[in-house]
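S.K.: Quick one, data.cif (mmCIF, C-alpha atoms):
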```
data_work
loop_
_atom_site.label_atom_id
_atom_site.label_comp_id
_atom_site.auth_asym_id
_atom_site.auth_seq_id
_atom_site.Cartn_x
_atom_site.Cartn_y
_atom_site.Cartn_z
CA MET A 3 -14.94 -4.39 10.60
CA ARG A 4 -11.94 -3.58 12.74
CA GLN A 5 -8.22 -3.11 12.21
CA ALA A 6 -4.88 -3.61 13.94
CA THR A 7 -1.32 -2.45 13.28
CA THR A 8 2.07 -3.43 14.63
CA ILE A 9 5.76 -3.32 13.82
CA LEU A 10 7.65 -6.62 13.97
CA THR A 11 11.44 -6.79 14.16
CA PHE A 12 13.52 -9.49 12.49
CA ASP A 13 17.23 -10.28 12.71
CA THR A 14 18.77 -11.16 9.36
CA PRO A 15 22.03 -13.13 9.03
CA GLY A 16 23.30 -10.98 6.16
CA ARG A 17 22.55 -11.39 2.48
CA GLY A 18 19.79 -13.89 1.84
CA LEU A 19 16.14 -14.67 2.41
CA THR A 20 14.52 -15.14 5.82
CA ASP A 21 11.15 -16.92 5.93
CA ILE A 22 8.82 -14.75 8.02
CA THR A 23 5.56 -16.49 7.08
CA ARG A 24 5.06 -18.10 10.48
CA ALA A 25 5.65 -14.88 12.45
CA ILE A 26 3.18 -13.02 10.25
CA ALA A 27 0.61 -15.82 10.55
CA VAL A 28 0.97 -15.89 14.34
CA TRP A 29 0.19 -12.17 14.56
CA GLN A 30 -2.68 -12.47 12.08
CA ARG A 31 -4.27 -15.25 14.14
CA GLU A 32 -3.79 -13.36 17.40
CA ILE A 33 -5.79 -10.47 15.99
CA GLY A 34 -8.45 -12.99 15.13
CA ILE A 35 -9.69 -11.64 11.83
CA GLY A 36 -11.21 -14.35 9.63
CA GLU A 37 -11.74 -12.38 6.43
CA GLY A 38 -9.86 -9.26 5.50
CA LEU A 39 -6.64 -7.82 4.14
CA LEU A 40 -3.09 -7.98 5.51
CA THR A 41 -0.46 -5.48 4.37
CA LEU A 42 3.29 -5.57 5.06
CA LEU A 43 5.82 -2.76 4.57
CA CYS A 44 9.58 -3.25 4.99
CA ARG A 45 10.83 0.00 6.54
CA HIS A 46 14.25 -0.08 4.85
CA THR A 47 15.84 0.72 1.50
CA SER A 48 18.36 -2.12 1.33
CA ALA A 49 16.06 -4.94 2.45
CA SER A 50 12.74 -5.94 0.90
CA LEU A 51 9.80 -8.32 0.92
CA LEU A 52 8.86 -10.99 -1.59
CA ILE A 53 6.73 -14.08 -1.96
CA GLN A 54 8.49 -17.14 -3.36
CA GLU A 55 8.66 -20.89 -3.20
CA ASN A 56 8.93 -22.39 0.27
CA ALA A 57 9.90 -25.91 -0.78
CA ALA A 58 13.16 -26.26 -2.75
CA ARG A 59 15.98 -24.41 -0.98
CA GLU A 60 17.81 -23.93 -4.29
CA VAL A 61 15.10 -21.56 -5.50
CA ARG A 62 16.19 -19.10 -2.83
CA SER A 63 19.94 -19.47 -3.41
CA ASP A 64 19.46 -19.21 -7.19
CA LEU A 65 17.37 -16.08 -6.63
CA VAL A 66 20.02 -14.45 -4.46
CA ALA A 67 22.72 -15.31 -7.03
CA TRP A 68 20.57 -13.89 -9.85
CA LEU A 69 20.07 -10.62 -7.98
CA ASP A 70 23.88 -10.41 -7.78
CA ARG A 71 24.07 -10.70 -11.56
CA VAL A 72 21.31 -8.17 -12.25
CA ALA A 73 22.64 -5.64 -9.73
CA PRO A 74 26.35 -6.46 -9.41
CA GLU A 75 28.89 -4.84 -7.17
CA GLY A 76 31.49 -2.90 -9.16
CA ALA A 77 32.55 0.47 -10.48
CA TYR A 78 29.07 1.42 -11.70
CA TYR A 79 27.97 3.62 -8.82
CA ASP A 80 28.58 7.09 -7.45
CA HIS A 81 27.01 6.08 -4.13
CA ASP A 82 29.25 3.86 -2.04
CA ASP A 83 29.09 5.51 1.38
CA GLU A 84 28.68 2.20 3.14
CA GLY A 85 30.77 -0.06 0.92
CA PRO A 86 30.49 -1.92 -2.37
CA ASP A 87 27.36 -3.83 -1.36
CA ASP A 88 25.44 -0.63 -0.52
CA MET A 89 24.14 0.54 -3.89
CA PRO A 90 23.47 -2.99 -5.23
CA ALA A 91 21.36 -3.51 -2.09
CA HIS A 92 19.24 -0.45 -2.94
CA LEU A 93 18.76 -1.75 -6.49
CA LYS A 94 17.75 -5.23 -5.34
CA ALA A 95 15.27 -3.73 -2.87
CA THR A 96 13.77 -1.67 -5.70
CA LEU A 97 13.51 -4.67 -8.03
CA THR A 98 11.81 -6.89 -5.45
CA GLY A 99 9.74 -4.19 -3.69
CA VAL A 100 9.08 -3.37 -0.06
CA ASN A 101 5.39 -4.05 0.34
CA LEU A 102 2.89 -6.90 0.02
CA SER A 103 -0.88 -7.13 0.45
CA ILE A 104 -2.48 -10.50 1.07
CA PRO A 105 -6.21 -11.27 1.27
CA VAL A 106 -7.24 -13.23 4.37
CA ILE A 107 -9.89 -15.84 3.59
CA GLY A 108 -11.33 -18.44 5.95
CA GLY A 109 -9.05 -17.36 8.78
CA GLN A 110 -5.85 -17.73 6.79
CA MET A 111 -3.65 -15.74 4.46
CA SER A 112 -4.67 -16.77 0.94
CA LEU A 113 -1.14 -17.81 -0.04
CA GLY A 114 -0.73 -20.70 -2.43
CA THR A 115 0.56 -24.04 -1.18
CA TRP A 116 4.11 -23.31 -2.27
CA GLN A 117 4.25 -19.65 -1.33
CA GLY A 118 6.17 -18.26 1.62
CA ILE A 119 6.77 -14.65 2.68
CA TYR A 120 10.44 -13.73 2.70
CA LEU A 121 12.34 -10.81 4.17
CA ALA A 122 15.21 -10.27 1.73
CA GLU A 123 18.39 -8.87 3.25
CA HIS A 124 20.58 -7.34 0.55
CA ARG A 125 23.50 -6.13 2.71
CA ARG A 126 26.41 -8.47 3.46
CA MET A 127 26.24 -7.96 7.21
CA PRO A 128 23.49 -9.03 9.63
CA HIS A 129 20.87 -6.35 10.29
CA GLN A 130 17.81 -5.81 12.42
CA ARG A 131 14.87 -5.02 10.13
CA GLU A 132 11.41 -3.70 10.87
CA VAL A 133 8.23 -4.68 9.05
CA ALA A 134 5.08 -2.57 9.58
CA LEU A 135 1.85 -4.56 9.46
CA HIS A 136 -1.75 -3.59 8.95
CA LEU A 137 -4.66 -6.01 9.21
CA PHE A 138 -8.31 -5.25 8.93
CA GLY A 139 -11.51 -7.14 8.34
CA ALA A 140 -14.09 -9.02 10.36
CA MET B 10 -18.24 -0.44 4.74
CA ARG B 11 -18.31 -4.06 3.75
CA GLN B 12 -15.96 -6.56 2.11
CA ALA B 13 -15.93 -9.57 -0.17
CA THR B 14 -13.34 -12.17 -1.17
CA THR B 15 -13.11 -14.79 -3.86
CA ILE B 16 -10.64 -16.93 -5.78
CA LEU B 17 -10.82 -16.76 -9.57
CA THR B 18 -9.21 -19.38 -11.80
CA PHE B 19 -7.63 -18.62 -15.16
CA ASP B 20 -6.26 -20.91 -17.86
CA THR B 21 -3.00 -19.66 -19.37
CA PRO B 22 -1.76 -20.76 -22.81
CA GLY B 23 1.85 -21.03 -21.64
CA ARG B 24 4.41 -18.25 -21.52
CA GLY B 25 2.87 -14.84 -22.08
CA LEU B 26 0.41 -12.32 -20.73
CA THR B 27 -3.32 -12.91 -20.31
CA ASP B 28 -5.56 -9.85 -19.95
CA ILE B 29 -7.76 -10.45 -16.89
CA THR B 30 -9.07 -6.88 -16.55
CA ARG B 31 -12.59 -7.72 -17.66
CA ALA B 32 -12.99 -10.72 -15.35
CA ILE B 33 -11.81 -8.65 -12.39
CA ALA B 34 -14.12 -5.77 -13.31
CA VAL B 35 -17.09 -8.13 -13.65
CA TRP B 36 -16.53 -9.44 -10.12
CA GLN B 37 -15.98 -5.94 -8.76
CA ARG B 38 -19.28 -4.73 -10.24
CA GLU B 39 -21.16 -7.79 -8.98
CA ILE B 40 -20.11 -6.95 -5.43
CA GLY B 41 -21.42 -3.47 -6.07
CA ILE B 42 -18.89 -1.37 -4.18
CA GLY B 43 -18.59 2.16 -5.58
CA GLU B 44 -15.64 3.42 -3.58
CA GLY B 45 -13.03 1.20 -1.99
CA LEU B 46 -9.94 -0.90 -2.52
CA LEU B 47 -9.42 -4.00 -4.64
CA THR B 48 -6.46 -6.33 -3.97
CA LEU B 49 -5.25 -9.24 -6.11
CA LEU B 50 -2.80 -11.99 -5.16
CA CYS B 51 -1.49 -14.57 -7.63
CA ARG B 52 -1.18 -17.80 -5.63
CA HIS B 53 1.82 -19.16 -7.55
CA THR B 54 5.58 -18.72 -7.69
CA SER B 55 6.09 -19.01 -11.44
CA ALA B 56 3.23 -16.78 -12.55
CA SER B 57 2.62 -13.18 -11.54
CA LEU B 58 0.48 -10.07 -11.92
CA LEU B 59 1.29 -6.79 -13.58
CA ILE B 60 -0.34 -3.69 -14.99
CA GLN B 61 0.75 -2.69 -18.48
CA GLU B 62 -0.41 -1.15 -21.71
CA ASN B 63 -3.59 -2.62 -23.18
CA ALA B 64 -3.30 -1.05 -26.66
CA ALA B 65 -0.20 -2.00 -28.68
CA ARG B 66 0.25 -5.77 -28.71
CA GLU B 67 4.00 -5.38 -29.25
CA VAL B 68 4.39 -3.95 -25.76
CA ARG B 69 3.45 -7.34 -24.35
CA SER B 70 5.62 -9.40 -26.71
CA ASP B 71 8.58 -7.07 -26.17
CA LEU B 72 8.04 -7.38 -22.40
CA VAL B 73 8.02 -11.17 -22.55
CA ALA B 74 11.18 -11.17 -24.69
CA TRP B 75 12.89 -8.75 -22.27
CA LEU B 76 12.08 -10.99 -19.30
CA ASP B 77 13.81 -13.80 -21.21
CA ARG B 78 16.94 -11.67 -21.50
CA VAL B 79 16.92 -10.56 -17.85
CA ALA B 80 16.24 -14.06 -16.53
CA PRO B 81 17.51 -16.38 -19.24
CA GLU B 82 17.37 -20.14 -19.33
CA GLY B 83 20.82 -21.69 -19.10
CA ALA B 84 23.43 -23.23 -16.84
CA TYR B 85 23.05 -20.62 -14.10
CA TYR B 86 20.80 -22.50 -11.73
CA ASP B 87 20.97 -25.32 -9.19
CA HIS B 88 17.18 -25.63 -9.25
CA ASP B 89 15.87 -27.33 -12.39
CA ASP B 90 13.47 -29.92 -10.98
CA GLU B 91 10.84 -29.09 -13.54
CA GLY B 92 13.00 -28.23 -16.53
CA PRO B 93 15.04 -25.31 -17.87
CA ASP B 94 12.13 -22.85 -17.76
CA ASP B 95 11.47 -23.51 -14.06
CA MET B 96 13.96 -21.25 -12.30
CA PRO B 97 13.70 -18.40 -14.85
CA ALA B 98 9.94 -18.49 -14.18
CA HIS B 99 10.53 -17.98 -10.45
CA LEU B 100 12.85 -15.05 -11.19
CA LYS B 101 10.38 -13.39 -13.57
CA ALA B 102 7.59 -13.79 -11.01
CA THR B 103 9.82 -12.12 -8.41
CA LEU B 104 10.73 -9.24 -10.72
CA THR B 105 7.13 -8.51 -11.68
CA GLY B 106 5.47 -9.33 -8.34
CA VAL B 107 2.41 -11.32 -7.35
CA ASN B 108 0.10 -8.71 -5.90
CA LEU B 109 -1.69 -5.52 -6.92
CA SER B 110 -3.92 -3.07 -5.05
CA ILE B 111 -6.21 -0.77 -7.00
CA PRO B 112 -8.39 2.03 -5.60
CA VAL B 113 -12.02 1.88 -6.72
CA ILE B 114 -13.43 5.35 -7.43
CA GLY B 115 -16.85 6.20 -8.87
CA GLY B 116 -17.78 2.54 -9.25
CA GLN B 117 -14.69 1.64 -11.31
CA MET B 118 -11.12 0.53 -10.80
CA SER B 119 -9.01 3.70 -11.03
CA LEU B 120 -6.82 2.32 -13.82
CA GLY B 121 -5.50 4.74 -16.42
CA THR B 122 -6.91 4.68 -19.93
CA TRP B 123 -4.09 2.54 -21.27
CA GLN B 124 -3.70 0.22 -18.29
CA GLY B 125 -4.80 -3.40 -18.24
CA ILE B 126 -4.31 -6.08 -15.57
CA TYR B 127 -2.28 -9.03 -16.83
CA LEU B 128 -1.72 -12.49 -15.45
CA ALA B 129 1.83 -13.32 -16.53
CA GLU B 130 2.52 -16.99 -17.14
CA HIS B 131 6.25 -17.68 -17.02
CA ARG B 132 6.23 -21.45 -17.65
CA ARG B 133 6.32 -22.78 -21.21
CA MET B 134 3.29 -25.03 -20.78
CA PRO B 135 -0.35 -24.01 -20.20
CA HIS B 136 -1.34 -23.83 -16.54
CA GLN B 137 -4.39 -23.21 -14.44
CA ARG B 138 -3.70 -20.27 -12.11
CA GLU B 139 -5.58 -18.93 -9.12
CA VAL B 140 -5.91 -15.27 -8.17
CA ALA B 141 -7.23 -14.41 -4.69
CA LEU B 142 -9.28 -11.21 -4.58
CA HIS B 143 -10.31 -8.90 -1.77
CA LEU B 144 -12.62 -5.93 -2.21
CA PHE B 145 -13.93 -3.64 0.45
CA GLY B 146 -15.55 -0.23 0.62
CA ALA B 147 -19.01 1.27 0.43
CA MET C 16 -13.86 3.31 9.99
CA ARG C 17 -14.13 5.59 7.02
CA GLN C 18 -12.38 6.05 3.68
CA ALA C 19 -11.38 8.71 1.19
CA THR C 20 -10.08 8.67 -2.39
CA THR C 21 -8.53 11.25 -4.67
CA ILE C 22 -6.38 11.64 -7.75
CA LEU C 23 -3.30 13.82 -7.45
CA THR C 24 -1.46 15.19 -10.48
CA PHE C 25 2.29 15.67 -10.65
CA ASP C 26 4.50 17.31 -13.26
CA THR C 27 7.68 15.38 -13.98
CA PRO C 28 10.78 17.00 -15.53
CA GLY C 29 11.49 13.99 -17.74
CA ARG C 30 13.44 10.88 -16.84
CA GLY C 31 14.18 10.66 -13.12
CA LEU C 32 12.63 10.41 -9.68
CA THR C 33 10.30 13.01 -8.15
CA ASP C 34 9.84 12.91 -4.37
CA ILE C 35 6.08 12.97 -3.72
CA THR C 36 6.23 12.02 -0.03
CA ARG C 37 5.21 15.45 1.22
CA ALA C 38 2.21 15.80 -1.11
CA ILE C 39 0.97 12.35 -0.08
CA ALA C 40 1.47 13.15 3.61
CA VAL C 41 -0.39 16.46 3.28
CA TRP C 42 -3.42 14.69 1.81
CA GLN C 43 -3.24 11.91 4.41
CA ARG C 44 -3.24 14.45 7.25
CA GLU C 45 -6.08 16.44 5.71
CA ILE C 46 -8.24 13.33 5.75
CA GLY C 47 -7.32 12.98 9.39
CA ILE C 48 -7.05 9.22 9.71
CA GLY C 49 -4.72 8.18 12.54
CA GLU C 50 -4.56 4.44 11.93
CA GLY C 51 -5.28 2.79 8.63
CA LEU C 52 -3.98 1.93 5.19
CA LEU C 53 -2.90 4.21 2.35
CA THR C 54 -2.72 2.88 -1.22
CA LEU C 55 -1.24 4.61 -4.28
CA LEU C 56 -1.66 3.66 -7.93
CA CYS C 57 0.25 5.35 -10.77
CA ARG C 58 -2.22 5.52 -13.69
CA HIS C 59 0.40 5.16 -16.43
CA THR C 60 2.45 2.47 -18.12
CA SER C 61 5.72 4.39 -18.59
CA ALA C 62 5.91 5.94 -15.12
CA SER C 63 5.85 4.11 -11.80
CA LEU C 64 6.05 4.35 -8.01
CA LEU C 65 8.80 3.21 -5.68
CA ILE C 66 10.09 3.70 -2.18
CA GLN C 67 13.78 4.48 -1.88
CA GLU C 68 16.35 6.40 0.11
CA ASN C 69 15.59 10.07 0.66
CA ALA C 70 19.06 11.11 1.87
CA ALA C 71 21.93 10.57 -0.59
CA ARG C 72 21.06 12.04 -3.99
CA GLU C 73 23.43 9.61 -5.70
CA VAL C 74 21.17 6.70 -4.80
CA ARG C 75 18.55 8.10 -7.14
CA SER C 76 20.92 8.90 -10.00
CA ASP C 77 22.58 5.48 -9.68
CA LEU C 78 19.14 3.88 -9.71
CA VAL C 79 18.12 5.73 -12.87
CA ALA C 80 21.41 4.78 -14.56
CA TRP C 81 20.95 1.13 -13.53
CA LEU C 82 17.45 1.04 -15.02
CA ASP C 83 19.02 2.23 -18.28
CA ARG C 84 21.40 -0.73 -18.22
CA VAL C 85 18.72 -3.30 -17.34
CA ALA C 86 16.24 -1.95 -19.91
CA PRO C 87 18.42 -0.22 -22.50
CA GLU C 88 17.31 1.65 -25.56
CA GLY C 89 18.31 -0.11 -28.77
CA ALA C 90 17.24 -2.46 -31.52
CA TYR C 91 15.59 -4.97 -29.18
CA TYR C 92 11.99 -3.89 -29.56
CA ASP C 93 9.13 -4.15 -32.06
CA HIS C 94 7.26 -1.38 -30.24
CA ASP C 95 8.72 2.06 -30.88
CA ASP C 96 5.65 4.12 -31.76
CA GLU C 97 6.75 6.99 -29.57
CA GLY C 98 10.52 6.79 -29.98
CA PRO C 99 13.47 4.80 -28.63
CA ASP C 100 12.70 5.60 -24.97
CA ASP C 101 9.14 4.26 -25.23
CA MET C 102 9.55 0.53 -24.76
CA PRO C 103 12.38 0.84 -22.17
CA ALA C 104 9.98 3.07 -20.19
CA HIS C 105 7.33 0.32 -20.16
CA LEU C 106 9.93 -2.20 -18.98
CA LYS C 107 11.20 0.06 -16.19
CA ALA C 108 7.63 0.70 -15.04
CA THR C 109 7.05 -3.06 -14.92
CA LEU C 110 10.25 -3.70 -12.97
CA THR C 111 9.53 -1.05 -10.35
CA GLY C 112 5.74 -1.41 -10.20
CA VAL C 113 2.85 1.03 -10.21
CA ASN C 114 1.33 0.58 -6.78
CA LEU C 115 2.24 0.91 -3.11
CA SER C 116 0.35 0.24 0.13
CA ILE C 117 1.55 1.85 3.32
CA PRO C 118 0.17 1.27 6.85
CA VAL C 119 -0.69 4.46 8.74
CA ILE C 120 0.25 4.23 12.41
CA GLY C 121 0.04 6.96 15.02
CA GLY C 122 -1.16 9.52 12.50
CA GLN C 123 1.74 8.98 10.08
CA MET C 124 2.71 6.76 7.19
CA SER C 125 4.85 3.99 8.68
CA LEU C 126 7.80 4.70 6.38
CA GLY C 127 11.29 4.15 7.73
CA THR C 128 13.49 7.14 8.53
CA TRP C 129 15.31 6.94 5.21
CA GLN C 130 12.35 6.07 3.01
CA GLY C 131 10.70 8.46 0.58
CA ILE C 132 7.96 7.86 -1.98
CA TYR C 133 9.08 8.55 -5.54
CA LEU C 134 7.19 8.98 -8.77
CA ALA C 135 9.54 7.55 -11.38
CA GLU C 136 9.29 9.13 -14.83
CA HIS C 137 10.78 6.80 -17.45
CA ARG C 138 10.17 8.92 -20.58
CA ARG C 139 12.76 11.49 -21.66
CA MET C 140 10.28 14.34 -21.88
CA PRO C 141 8.35 16.05 -19.07
CA HIS C 142 4.90 14.56 -18.43
CA GLN C 143 1.89 15.17 -16.26
CA ARG C 144 1.19 12.05 -14.24
CA GLU C 145 -1.79 11.00 -12.14
CA VAL C 146 -1.65 9.00 -8.93
CA ALA C 147 -4.89 7.55 -7.54
CA LEU C 148 -5.03 7.40 -3.75
CA HIS C 149 -7.15 5.45 -1.31
CA LEU C 150 -7.03 5.92 2.47
CA PHE C 151 -9.16 4.26 5.04
CA GLY C 152 -9.08 3.70 8.75
CA ALA C 153 -10.14 5.49 11.92
#
```
I need this file expressed as C-alpha cells, please.
M.R.:
Amino acid sequence: MRQATTILTFDTPGRGLTDITRAIAVWQREIGIGEGLLTLLCRHTSASLLIQENAAREVRSDLVAWLDRVAPEGAYYDHDDEGPDDMPAHLKATLTGVNLSIPVIGGQMSLGTWQGIYLAEHRRMPHQREVALHLFGA
Amino acid sequence: MRQATTILTFDTPGRGLTDITRAIAVWQREIGIGEGLLTLLCRHTSASLLIQENAAREVRSDLVAWLDRVAPEGAYYDHDDEGPDDMPAHLKATLTGVNLSIPVIGGQMSLGTWQGIYLAEHRRMPHQREVALHLFGA
Amino acid sequence: MRQATTILTFDTPGRGLTDITRAIAVWQREIGIGEGLLTLLCRHTSASLLIQENAAREVRSDLVAWLDRVAPEGAYYDHDDEGPDDMPAHLKATLTGVNLSIPVIGGQMSLGTWQGIYLAEHRRMPHQREVALHLFGA
C-alpha cells in the first residue's frame, strides 16, 4: 500500500461546469495504483466539485440555471464584498460540496458510464482554481 | 493494513429512499476490518446516497416531498430526453451527492444511533443501481 | 502507513455554524501524520459538516438565513415530533451533508486559505454533537 498527493490547477471560464475527469484520470494512472481510493478537495469557497452526466450538454446548462434559481442574486445578503454573484457562489458551493472520494477498481476510477467529474465555477468571472488530490492503494 | 473493493447492486422501487445499511454492514463484516475507512460511490446521475434518520418513516417521505419542491418537474429544463422526471432527478442527485465516507471503529461503521445509509432513487420507475465500495484498514 | 480514529464532542449554541477547524487540526497534529487522508463524519441527522469561508462573518449568517428559505419551517411536513424546527433540520443536514474527506499534505490539512471546517447545528436549541474522525497516512 502506498499513497501520493498533488495539487492540480484549473482555469475556469466563469460560471459553469468544467469537465476535469481526464486530468484526474491521467494523474491517477501516472501514480499507477490499480486498486485504492482517490479523494479530491476543491480549495475554494465559491467553486465546488460534483459528479454529473457527461453526455447531454443540456444537463449541465439546466443544472447551472437551477442553481441560479435556488441561490439567486438579489437583496437577500449582508455579504456582498465582491459583488452580487459573491454570496450566491458561496451558497452554490455549499449545496454541491467541495470534496469527492472515488474507489479505484481494476486500474480505473469506478465511475459509472455516464458520470464525469466537474469543477463548478460559481463566480461570473474566470478564475484559477486548485484541487488537492490524494490517492492510495496498491 | 489491507483493502477490499466490490460493486453491490440494488433494485429500487422507483422514487424514494431504500435503506442499504444492512447490506453495507454485511459486506464490511465479511471483509473483517475492525478499524478503517469505508467509502461508497453511487455510479449513477439520477440516483444518490445520503445518511438520514432510520426511525420515523415520515422523515423520509417529507424529504422526498421536499426534493420535489426544490427541484420540481415543469417547463424549466432543456433536457427532457427521458421524460419530465429526468432533469429533476439529476438535480436531486447533485443536491444530495453520490458518495459517502464512513470511519470504521471497533468493528462497526461509526454511524450515530439514528443514522441509516439510504440509496435515493430520483426517477419515477424502478431501476437497478450500482454502488462501488472501498474498505481499508486493519 | 498507519491510521488513527477518534470521536470528538462539540457543544453547539443552537442554530448556526461552529468553527471546528482548530480542534480537528490539533488532533491531526497529535497523531503526527504528515501525508495522508482525514475523514470526518457527523453522527447526527439534524446537524452536519461543511467547508466555507472563515473570514467574513456575514457569509455564515447569510448561509444560515438561506437554509431557512430553502427548508422553511411551516405546514409542509408530516414529521414534527420534536417541534417545527425538526424536519427543516433534517433537510438542511441532507443538503449540506454529514461527511468530509480532506487530503493531508506537508503536515497540514490541504484546505484553501479561506476555508474553515464548520459543524452546522440546524436545531434551535443547543446540542452536544459527535464527530467521528479517521486519519491515515505516513
S.K.: Could I get the residues of stretch 15-125 of chain A with an atom no further than 6 Å from an atom of stretch 50-60 of chain B, each paired with its nearest atom pair and that distance in Å to one decimal, using only C-alpha atoms, sorted by chain and residue number, as a tab-separated table?
M.R.:
```
residue	atom	partner	partner_atom	distance
A:Gln54	CA	B:Thr54	CA	5.5
A:Glu55	CA	B:Thr54	CA	5.9
A:Leu113	CA	B:Arg52	CA	5.6
A:Gly114	CA	B:Arg52	CA	4.3
```
S.K.: Give as a CSV table (one decimal) with C-alpha atoms, in the frame of the given file every residue of chain A that touches chain B within 9 Å, counting only C-alpha atoms.
M.R.:
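Writing done, so here's result31.csv:
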```csv
chain,number,residue,atom,x,y,z
A,3,MET,CA,-14.9,-4.4,10.6
A,37,GLU,CA,-11.7,-12.4,6.4
A,38,GLY,CA,-9.9,-9.3,5.5
A,39,LEU,CA,-6.6,-7.8,4.1
A,52,LEU,CA,8.9,-11.0,-1.6
A,53,ILE,CA,6.7,-14.1,-2.0
A,54,GLN,CA,8.5,-17.1,-3.4
A,55,GLU,CA,8.7,-20.9,-3.2
A,58,ALA,CA,13.2,-26.3,-2.8
A,59,ARG,CA,16.0,-24.4,-1.0
A,60,GLU,CA,17.8,-23.9,-4.3
A,61,VAL,CA,15.1,-21.6,-5.5
A,63,SER,CA,19.9,-19.5,-3.4
A,64,ASP,CA,19.5,-19.2,-7.2
A,65,LEU,CA,17.4,-16.1,-6.6
A,67,ALA,CA,22.7,-15.3,-7.0
A,68,TRP,CA,20.6,-13.9,-9.8
A,72,VAL,CA,21.3,-8.2,-12.2
A,97,LEU,CA,13.5,-4.7,-8.0
A,98,THR,CA,11.8,-6.9,-5.4
A,99,GLY,CA,9.7,-4.2,-3.7
A,102,LEU,CA,2.9,-6.9,0.0
A,103,SER,CA,-0.9,-7.1,0.4
A,104,ILE,CA,-2.5,-10.5,1.1
A,105,PRO,CA,-6.2,-11.3,1.3
A,106,VAL,CA,-7.2,-13.2,4.4
A,107,ILE,CA,-9.9,-15.8,3.6
A,112,SER,CA,-4.7,-16.8,0.9
A,113,LEU,CA,-1.1,-17.8,0.0
A,114,GLY,CA,-0.7,-20.7,-2.4
A,115,THR,CA,0.6,-24.0,-1.2
A,116,TRP,CA,4.1,-23.3,-2.3
A,117,GLN,CA,4.2,-19.6,-1.3
A,139,GLY,CA,-11.5,-7.1,8.3
A,140,ALA,CA,-14.1,-9.0,10.4
```
S.K.: Running the PyMOL selection byres ((chain B and resi 133) around 8) on this model by hand, what would come out? Give it as an MDAnalysis selection string.
M.R.: chainID B and resid 23:24 94 131:132 134:135
S.K.: In Å, rounded to a single decimal, give me how far atom CA of C:Leu23 is from atom CA of C:Glu45.
M.R.: 13.7 Å
S.K.: Could you tell me how far atom CA of A:Arg62 sits from atom CA of C:Asn69, in Å to one decimal place?
M.R.: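 Atom-to-atom, atom CA of C:Asn69 to atom CA of A:Arg62, that is 29.4 Å.
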S.K.: Can you measure atom CA of A:Gly18 to atom CA of A:Ala57 for me? One decimal in Å is fine.
M.R.: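 Interatomic distance, atom CA of A:Gly18 to atom CA of A:Ala57: 15.8 Å.
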S.K.: Can you spell out as a list in words the set of residues that the PyMOL selection byres ((chain A and resi 129) around 6) selects in the structure I just provided?
M.R.: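 Given this file, the PyMOL selection byres ((chain A and resi 129) around 6) evaluates to Asp13, Thr14, Pro128 and Gln130 of chain A.
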S.K.: Taking into account all atoms listed in the file, which residue in the set C:Gly122, C:Ile35, C:Ala90, C:Lys107 is nearest to C:Ile48?
M.R.: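 So, comparing all the options, the nearest one is C:Gly122.
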S.K.: Expand the PyMOL selection byres ((chain C and resi 88) around 6) into the individual residues it matches in the shown file, reporting them as a PyMOL selection string.
M.R.: chain C and resi 87+89+99
S.K.: Can you spit out the residues from that selection as a PDB file, in the frame of the given file, using C-alpha atoms?
M.R.:
```pdb
ATOM      1  CA  PRO C  87      18.420  -0.220 -22.500  1.00  0.00           C
ATOM      2  CA  GLY C  89      18.310  -0.110 -28.770  1.00  0.00           C
ATOM      3  CA  PRO C  99      13.470   4.800 -28.630  1.00  0.00           C
TER       4      PRO C  99
END
```
S.K.: At a cut-off of 12 Å, using all atoms listed in the file, what residues contact A:Ala25? Leave out same-chain residues fewer than 2 positions from it and give the result as a PDB file with C-alpha atoms, keeping the file's coordinate frame.
M.R.:
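Full text of result_4.pdb as output:
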```pdb
ATOM      1  CA  ILE A   9       5.760  -3.320  13.820  1.00  0.00           C
ATOM      2  CA  LEU A  10       7.650  -6.620  13.970  1.00  0.00           C
ATOM      3  CA  THR A  11      11.440  -6.790  14.160  1.00  0.00           C
ATOM      4  CA  PHE A  12      13.520  -9.490  12.490  1.00  0.00           C
ATOM      5  CA  THR A  20      14.520 -15.140   5.820  1.00  0.00           C
ATOM      6  CA  ASP A  21      11.150 -16.920   5.930  1.00  0.00           C
ATOM      7  CA  ILE A  22       8.820 -14.750   8.020  1.00  0.00           C
ATOM      8  CA  THR A  23       5.560 -16.490   7.080  1.00  0.00           C
ATOM      9  CA  ALA A  27       0.610 -15.820  10.550  1.00  0.00           C
ATOM     10  CA  VAL A  28       0.970 -15.890  14.340  1.00  0.00           C
ATOM     11  CA  TRP A  29       0.190 -12.170  14.560  1.00  0.00           C
ATOM     12  CA  GLN A  30      -2.680 -12.470  12.080  1.00  0.00           C
ATOM     13  CA  ARG A  31      -4.270 -15.250  14.140  1.00  0.00           C
ATOM     14  CA  GLU A  32      -3.790 -13.360  17.400  1.00  0.00           C
ATOM     15  CA  GLY A 118       6.170 -18.260   1.620  1.00  0.00           C
ATOM     16  CA  ILE A 119       6.770 -14.650   2.680  1.00  0.00           C
ATOM     17  CA  TYR A 120      10.440 -13.730   2.700  1.00  0.00           C
ATOM     18  CA  LEU A 121      12.340 -10.810   4.170  1.00  0.00           C
ATOM     19  CA  VAL A 133       8.230  -4.680   9.050  1.00  0.00           C
ATOM     20  CA  LEU A 135       1.850  -4.560   9.460  1.00  0.00           C
TER      21      LEU A 135
END
```
